[in-house]
$ cat final.txt   # compact mmCIF, C-alpha atoms
# COMPACT_ATOMS: atom_id res chain seq x y z
CA LYS A 231 -117.28 76.85 67.13
CA SER A 232 -118.50 74.96 69.98
CA GLN A 233 -116.10 74.61 72.72
CA SER A 234 -116.29 71.74 75.07
CA LEU A 235 -116.02 72.75 78.64
CA ARG A 236 -114.14 70.43 80.85
CA TRP A 237 -114.64 70.48 84.51
CA HIS A 238 -111.42 70.43 86.32
CA THR A 239 -111.14 69.68 89.96
CA ALA A 240 -108.11 70.27 91.99
CA PRO A 241 -106.28 67.04 92.72
CA THR A 242 -106.94 65.84 96.20
CA ALA A 243 -103.95 64.66 98.13
CA ARG A 244 -104.56 61.69 100.31
CA PRO A 245 -103.59 62.68 103.82
CA THR A 246 -101.14 60.40 105.47
CA ARG A 247 -100.57 59.61 109.09
CA ALA A 248 -97.72 61.35 110.77
CA PRO A 249 -94.81 58.93 111.00
CA GLY A 250 -94.90 57.09 114.26
CA SER A 251 -97.98 58.91 115.61
CA TRP A 252 -100.26 55.87 115.92
CA ALA A 253 -97.38 53.59 116.81
CA GLY A 254 -96.17 55.95 119.51
CA GLN A 255 -99.59 56.33 121.11
CA THR A 256 -100.28 52.62 121.01
CA LEU A 257 -96.84 51.78 122.36
CA GLY A 258 -97.39 54.21 125.24
CA ARG A 259 -100.72 52.63 126.14
CA MET A 260 -99.29 49.12 125.88
CA THR A 261 -96.30 50.07 128.04
CA ILE A 262 -98.47 51.50 130.83
CA VAL A 263 -100.81 48.51 130.85
CA SER A 264 -98.04 45.91 130.64
CA VAL A 265 -96.35 47.34 133.75
CA ALA A 266 -99.29 46.23 135.95
CA PRO A 267 -98.45 42.49 136.00
CA ILE A 268 -94.79 43.27 136.73
CA CYS A 269 -95.74 45.46 139.72
CA PHE A 270 -98.08 42.74 140.97
CA LEU A 271 -95.33 40.12 140.76
CA ILE A 272 -92.88 42.39 142.61
CA VAL A 273 -95.34 42.92 145.49
CA LEU A 274 -96.09 39.20 145.55
CA LEU A 275 -92.40 38.29 145.75
CA GLN A 276 -91.87 40.78 148.58
CA ASN A 277 -94.68 39.17 150.56
CA VAL A 278 -93.22 35.71 149.96
CA VAL A 279 -89.74 36.83 151.07
CA SER A 280 -91.07 38.48 154.27
CA ALA A 281 -93.26 35.49 155.22
CA TYR A 282 -92.56 33.73 158.52
CA ARG A 283 -91.79 30.06 158.81
CA VAL A 284 -92.81 27.99 161.81
CA GLY A 285 -90.26 28.58 164.58
CA ASP A 286 -89.06 31.99 163.33
CA ALA A 287 -88.65 34.67 166.00
CA VAL A 288 -91.22 37.48 165.85
CA GLY A 289 -89.79 40.82 166.99
CA ILE A 290 -91.21 42.77 169.94
CA LEU A 291 -90.96 46.51 170.53
CA ILE A 292 -91.85 47.35 174.14
CA ARG A 293 -93.42 50.75 174.77
CA VAL A 294 -92.92 51.84 178.37
CA GLN A 295 -94.66 54.46 180.51
CA LYS A 296 -93.15 55.13 183.94
CA SER A 297 -93.04 57.88 186.53
CA THR A 298 -89.80 59.30 185.12
CA GLY A 299 -90.97 59.39 181.52
CA SER A 300 -91.71 57.12 178.59
CA GLY A 301 -89.76 55.36 175.88
CA THR A 302 -89.29 52.19 173.87
CA GLN A 303 -86.97 49.23 174.10
CA GLU A 304 -86.52 45.95 172.31
CA ALA A 305 -87.11 42.61 173.96
CA TYR A 306 -84.27 40.14 174.41
CA ARG A 307 -84.07 37.30 171.98
CA HIS A 308 -85.04 34.67 174.56
CA GLN A 309 -88.23 36.69 175.25
CA LEU A 310 -89.43 36.67 171.63
CA PRO A 311 -92.37 34.52 170.53
CA ARG A 312 -91.77 31.80 167.93
CA PHE A 313 -94.08 31.83 164.93
CA GLY A 314 -96.72 29.12 165.30
CA ILE A 315 -95.28 27.68 168.55
CA ASN A 316 -96.73 28.16 172.03
CA SER A 317 -94.10 29.40 174.48
CA GLU A 318 -93.54 31.44 177.63
CA ALA A 319 -91.04 34.15 178.62
CA ARG A 320 -90.35 36.24 181.70
CA PHE A 321 -89.84 40.01 181.80
CA ASP A 322 -87.84 41.65 184.60
CA THR A 323 -89.50 44.71 186.13
CA ALA A 324 -86.24 46.40 187.11
CA SER A 325 -84.88 46.28 183.53
CA LEU A 326 -88.11 47.80 182.24
CA LEU A 327 -87.92 50.63 184.78
CA GLY A 328 -84.30 51.32 183.87
CA THR A 329 -81.00 51.50 185.73
CA ASP A 330 -81.78 55.01 187.06
CA THR A 331 -84.46 53.63 189.37
CA ASP A 332 -83.52 52.81 192.96
CA ALA A 333 -84.48 49.25 193.92
CA LYS A 334 -86.11 50.50 197.11
CA ASP A 335 -88.32 52.89 195.13
CA ALA A 336 -89.25 50.41 192.40
CA ASP A 337 -92.52 49.48 194.08
CA GLN A 338 -93.51 53.17 194.11
CA GLN A 339 -92.97 53.65 190.39
CA LEU A 340 -95.69 53.69 187.76
CA LEU A 341 -95.06 51.05 185.11
CA ARG A 342 -97.33 50.54 182.10
CA LEU A 343 -96.48 48.53 178.99
CA SER A 344 -97.63 47.84 175.47
CA PHE A 345 -96.16 45.31 173.03
CA SER A 346 -95.82 45.83 169.29
CA PHE A 347 -95.16 42.79 167.08
CA ASP A 348 -94.20 42.13 163.49
CA GLU A 349 -92.37 45.45 162.95
CA GLY A 350 -95.24 47.44 164.43
CA PHE A 351 -98.02 45.97 162.26
CA HIS A 352 -99.74 44.49 165.33
CA SER A 353 -99.86 45.74 168.91
CA VAL A 354 -101.74 45.14 172.15
CA SER A 355 -103.35 47.79 174.31
CA TRP A 356 -101.61 49.30 177.34
CA PHE A 357 -101.70 47.43 180.63
CA ASP A 358 -100.48 48.21 184.16
CA VAL A 359 -97.62 46.26 185.68
CA HIS A 360 -98.07 48.19 188.91
CA ARG A 361 -99.40 51.61 189.86
CA PRO A 362 -98.54 53.61 193.00
CA GLY A 363 -101.33 53.61 195.57
CA ASN A 364 -103.13 50.74 193.88
CA ARG A 365 -102.21 48.06 196.40
CA GLY A 366 -103.63 44.60 196.01
CA ARG A 367 -103.71 44.72 192.21
CA ASN A 368 -100.35 43.74 190.78
CA LEU A 369 -99.69 42.00 187.51
CA SER A 370 -99.04 38.28 187.74
CA GLY A 371 -99.08 37.35 184.06
CA VAL A 372 -100.00 38.25 180.49
CA THR A 373 -101.35 35.96 177.78
CA VAL A 374 -100.80 37.12 174.20
CA ARG A 375 -102.88 35.30 171.57
CA PHE A 376 -101.87 35.27 167.91
CA ILE A 377 -104.10 34.41 164.97
CA TYR A 378 -101.83 33.32 162.12
CA SER A 379 -101.73 31.51 158.80
CA ARG A 380 -99.20 28.80 158.13
CA ASN A 381 -99.85 29.01 154.38
CA ASP A 382 -98.98 32.68 153.84
CA GLY A 383 -96.64 32.92 156.84
CA ALA A 384 -98.37 35.98 158.29
CA VAL A 385 -99.71 37.19 161.62
CA HIS A 386 -103.33 38.25 161.15
CA SER A 387 -104.25 39.58 164.58
CA VAL A 388 -102.94 39.86 168.16
CA THR A 389 -104.88 40.20 171.42
CA ARG A 390 -103.85 40.06 175.10
CA GLU A 391 -105.33 39.10 178.45
CA THR A 392 -103.89 40.18 181.82
CA GLU A 393 -104.07 38.52 185.21
CA TYR A 394 -103.66 40.39 188.52
CA SER A 395 -103.14 39.16 192.05
CA ASP A 396 -102.78 40.53 195.58
CA GLY A 397 -99.44 41.13 197.17
CA ALA A 398 -96.29 43.12 196.62
CA PRO A 399 -95.35 44.43 193.16
CA PRO A 400 -93.71 41.61 191.19
CA GLY A 401 -90.00 41.55 190.45
CA SER A 402 -90.88 39.86 187.16
CA PHE A 403 -93.93 38.56 185.35
CA ALA A 404 -94.64 35.80 182.81
CA VAL A 405 -95.87 36.32 179.25
CA LYS A 406 -97.50 33.36 177.52
CA TYR A 407 -97.65 33.25 173.74
CA GLU A 408 -100.53 31.20 172.34
CA TRP A 409 -100.95 30.61 168.60
CA SER A 410 -104.17 29.69 166.78
CA GLU A 411 -104.07 28.86 163.09
CA GLU A 412 -106.67 30.44 160.85
CA ALA A 413 -108.32 28.33 158.17
CA ASP A 414 -107.07 29.31 154.72
CA VAL A 415 -107.72 28.50 151.10
CA GLU A 416 -104.93 26.90 149.17
CA PRO A 417 -102.36 29.64 148.42
CA GLU A 418 -101.54 28.24 144.97
CA ALA A 419 -105.17 28.51 143.87
CA GLY A 420 -105.49 32.04 145.22
CA LEU A 421 -102.29 33.24 143.57
CA ALA A 422 -103.22 31.61 140.26
CA THR A 423 -106.64 33.28 140.30
CA MET A 424 -105.15 36.72 141.02
CA LEU A 425 -102.49 36.31 138.34
CA ILE A 426 -105.04 35.25 135.70
CA GLY A 427 -107.21 38.24 136.61
CA VAL A 428 -104.28 40.65 136.23
CA VAL A 429 -103.31 39.16 132.85
CA LEU A 430 -106.89 39.39 131.55
CA VAL A 431 -107.24 43.01 132.66
CA SER A 432 -103.91 43.85 131.04
CA LEU A 433 -104.90 42.22 127.73
CA MET A 434 -108.23 44.06 127.72
CA GLY A 435 -106.41 47.32 128.35
CA MET A 436 -103.94 46.67 125.53
CA LEU A 437 -106.71 45.79 123.05
CA GLY A 438 -108.72 48.82 124.11
CA GLY A 439 -105.68 51.07 123.67
CA CYS A 440 -105.00 49.71 120.18
CA ALA A 441 -108.64 50.07 119.10
CA SER A 442 -108.88 53.57 120.52
CA GLY A 443 -105.69 54.71 118.79
CA GLU A 444 -106.74 53.27 115.43
CA SER A 445 -110.25 54.74 115.59
CA ASP A 446 -108.84 58.20 116.43
CA ASP A 447 -106.48 58.07 113.45
CA ASP A 448 -109.22 56.83 111.10
CA GLU A 449 -111.48 59.69 112.17
CA LYS A 450 -108.72 62.22 111.55
CA LEU A 451 -108.06 60.67 108.13
CA HIS A 452 -111.75 60.87 107.22
CA LEU A 453 -112.01 64.54 108.24
CA ALA A 454 -108.89 65.45 106.26
CA SER A 455 -110.24 63.68 103.15
CA GLN A 456 -113.58 65.49 103.50
CA ARG A 457 -111.85 68.87 103.77
CA ALA A 458 -109.76 68.13 100.68
CA TYR A 459 -112.84 67.11 98.69
CA ASN A 460 -114.76 70.25 99.70
CA SER A 461 -111.79 72.41 98.76
CA GLY A 462 -111.59 70.78 95.31
CA THR A 463 -115.32 71.24 94.72
CA GLU A 464 -115.15 74.95 95.56
CA LEU A 465 -112.23 75.44 93.17
CA ALA A 466 -114.12 73.67 90.37
CA GLY A 467 -117.20 75.81 90.95
CA GLY A 468 -115.19 79.03 90.77
CA TYR A 469 -113.51 77.94 87.53
CA ALA A 470 -116.87 77.14 85.92
CA LYS A 471 -118.27 80.55 86.81
CA SER A 472 -115.28 82.30 85.27
CA LEU A 473 -116.01 80.55 81.95
$ encode --input "final.txt" --output "structure tokens"
Amino acid sequence: KSQSLRWHTAPTARPTRAPGSWAGQTLGRMTIVSVAPICFLIVLLQNVVSAYRVGDAVGILIRVQKSTGSGTQEAYRHQLPRFGINSEARFDTASLLGTDTDAKDADQQLLRLSFSFDEGFHSVSWFDVHRPGNRGRNLSGVTVRFIYSRNDGAVHSVTRETEYSDGAPPGSFAVKYEWSEEADVEPEAGLATMLIGVVLVSLMGMLGGCASGESDDDEKLHLASQRAYNSGTELAGGYAKSL
């Protein structure tokens, strides 16, 4: 009797994705990318909150070098510059030297100063108020020039110029604050351009993350299917040989 031989192949199970594997990876990528615009907005809001308005007082930290040591002190409120407004203030030499200095010895004391503005973001170089033995060269005034922007409410740069004169060391000296506005682009246009750029980069990152996750899973699915097919073929071949 003739027997019909039937080829039997082992059933191939279609591999399935692990529950939540693709979704978890994609969600992780989307979460990381979507945080970027939020961080940008937070930094932007901080800059807006800390912006100066015309007439606001700009803080000064005075760094002092004298014969008895060095230190820092804050300027009085009436000595502070006003954002965007030209003004003038006077600084008393005795108060800068300190209460431990005898008035008779004040003209024999070294006194050098440096001003820091805007919470230390900008400062001017050291200058002599008076120096022992350097007669005929005593400070008569200081001009501090600010470059600022009215649109973003920020100080961009600070420079100073000193004037000296002959005579006895001064009991006080004048500080002039001069403000020059820097030409700016419209802030709304600049902010809109930056925000659009951040959104586009975020969307591209999200799409790239989704495509990458799906292509990785498809490749794994293809490899698993190929292994299952090869395994079934080998089993069928062994069964045929045994017959």
$ residues_near_point --input "final.txt" --point "(-95.0, 56.6, 188.6)" --cutoff "8 Å" --atoms "only C-alpha atoms" --output "VMD selection string"
chain A and resid 296 to 298 338 to 341 361 to 362
$ axis_aligned_box --input "final.txt" --around "stretch 282-290 of chain A" --padding-each-side "3 Å" --output "JSON"
{"center_x": -90.7, "center_y": 35.4, "center_z": 164.2, "size_x": 10.2, "size_y": 20.8, "size_z": 17.4}
$ atom_distance --input "final.txt" --atom1 "atom CA of A:His360" --atom2 "atom CA of A:Thr373"
16.9 Å
$ residues_around --input "final.txt" --residues "A:Thr323" --least-positions-apart "2" --cutoff "6 Å" --atoms "all atoms listed in the file" --output "list in words"
Ser325, Leu326, Gly401 and Ser402 of chain A
$ atom_distance --input "final.txt" --atom1 "atom CA of A:Ala404" --atom2 "atom CA of A:Leu310"
12.4 Å
$ residues_around --input "final.txt" --residues "A:Pro400" --least-positions-apart "5" --cutoff "10 Å" --atoms "all atoms listed in the file" --output "number ranges by chain"
A: 322-324, 336-337, 359-360, 368-371, 395
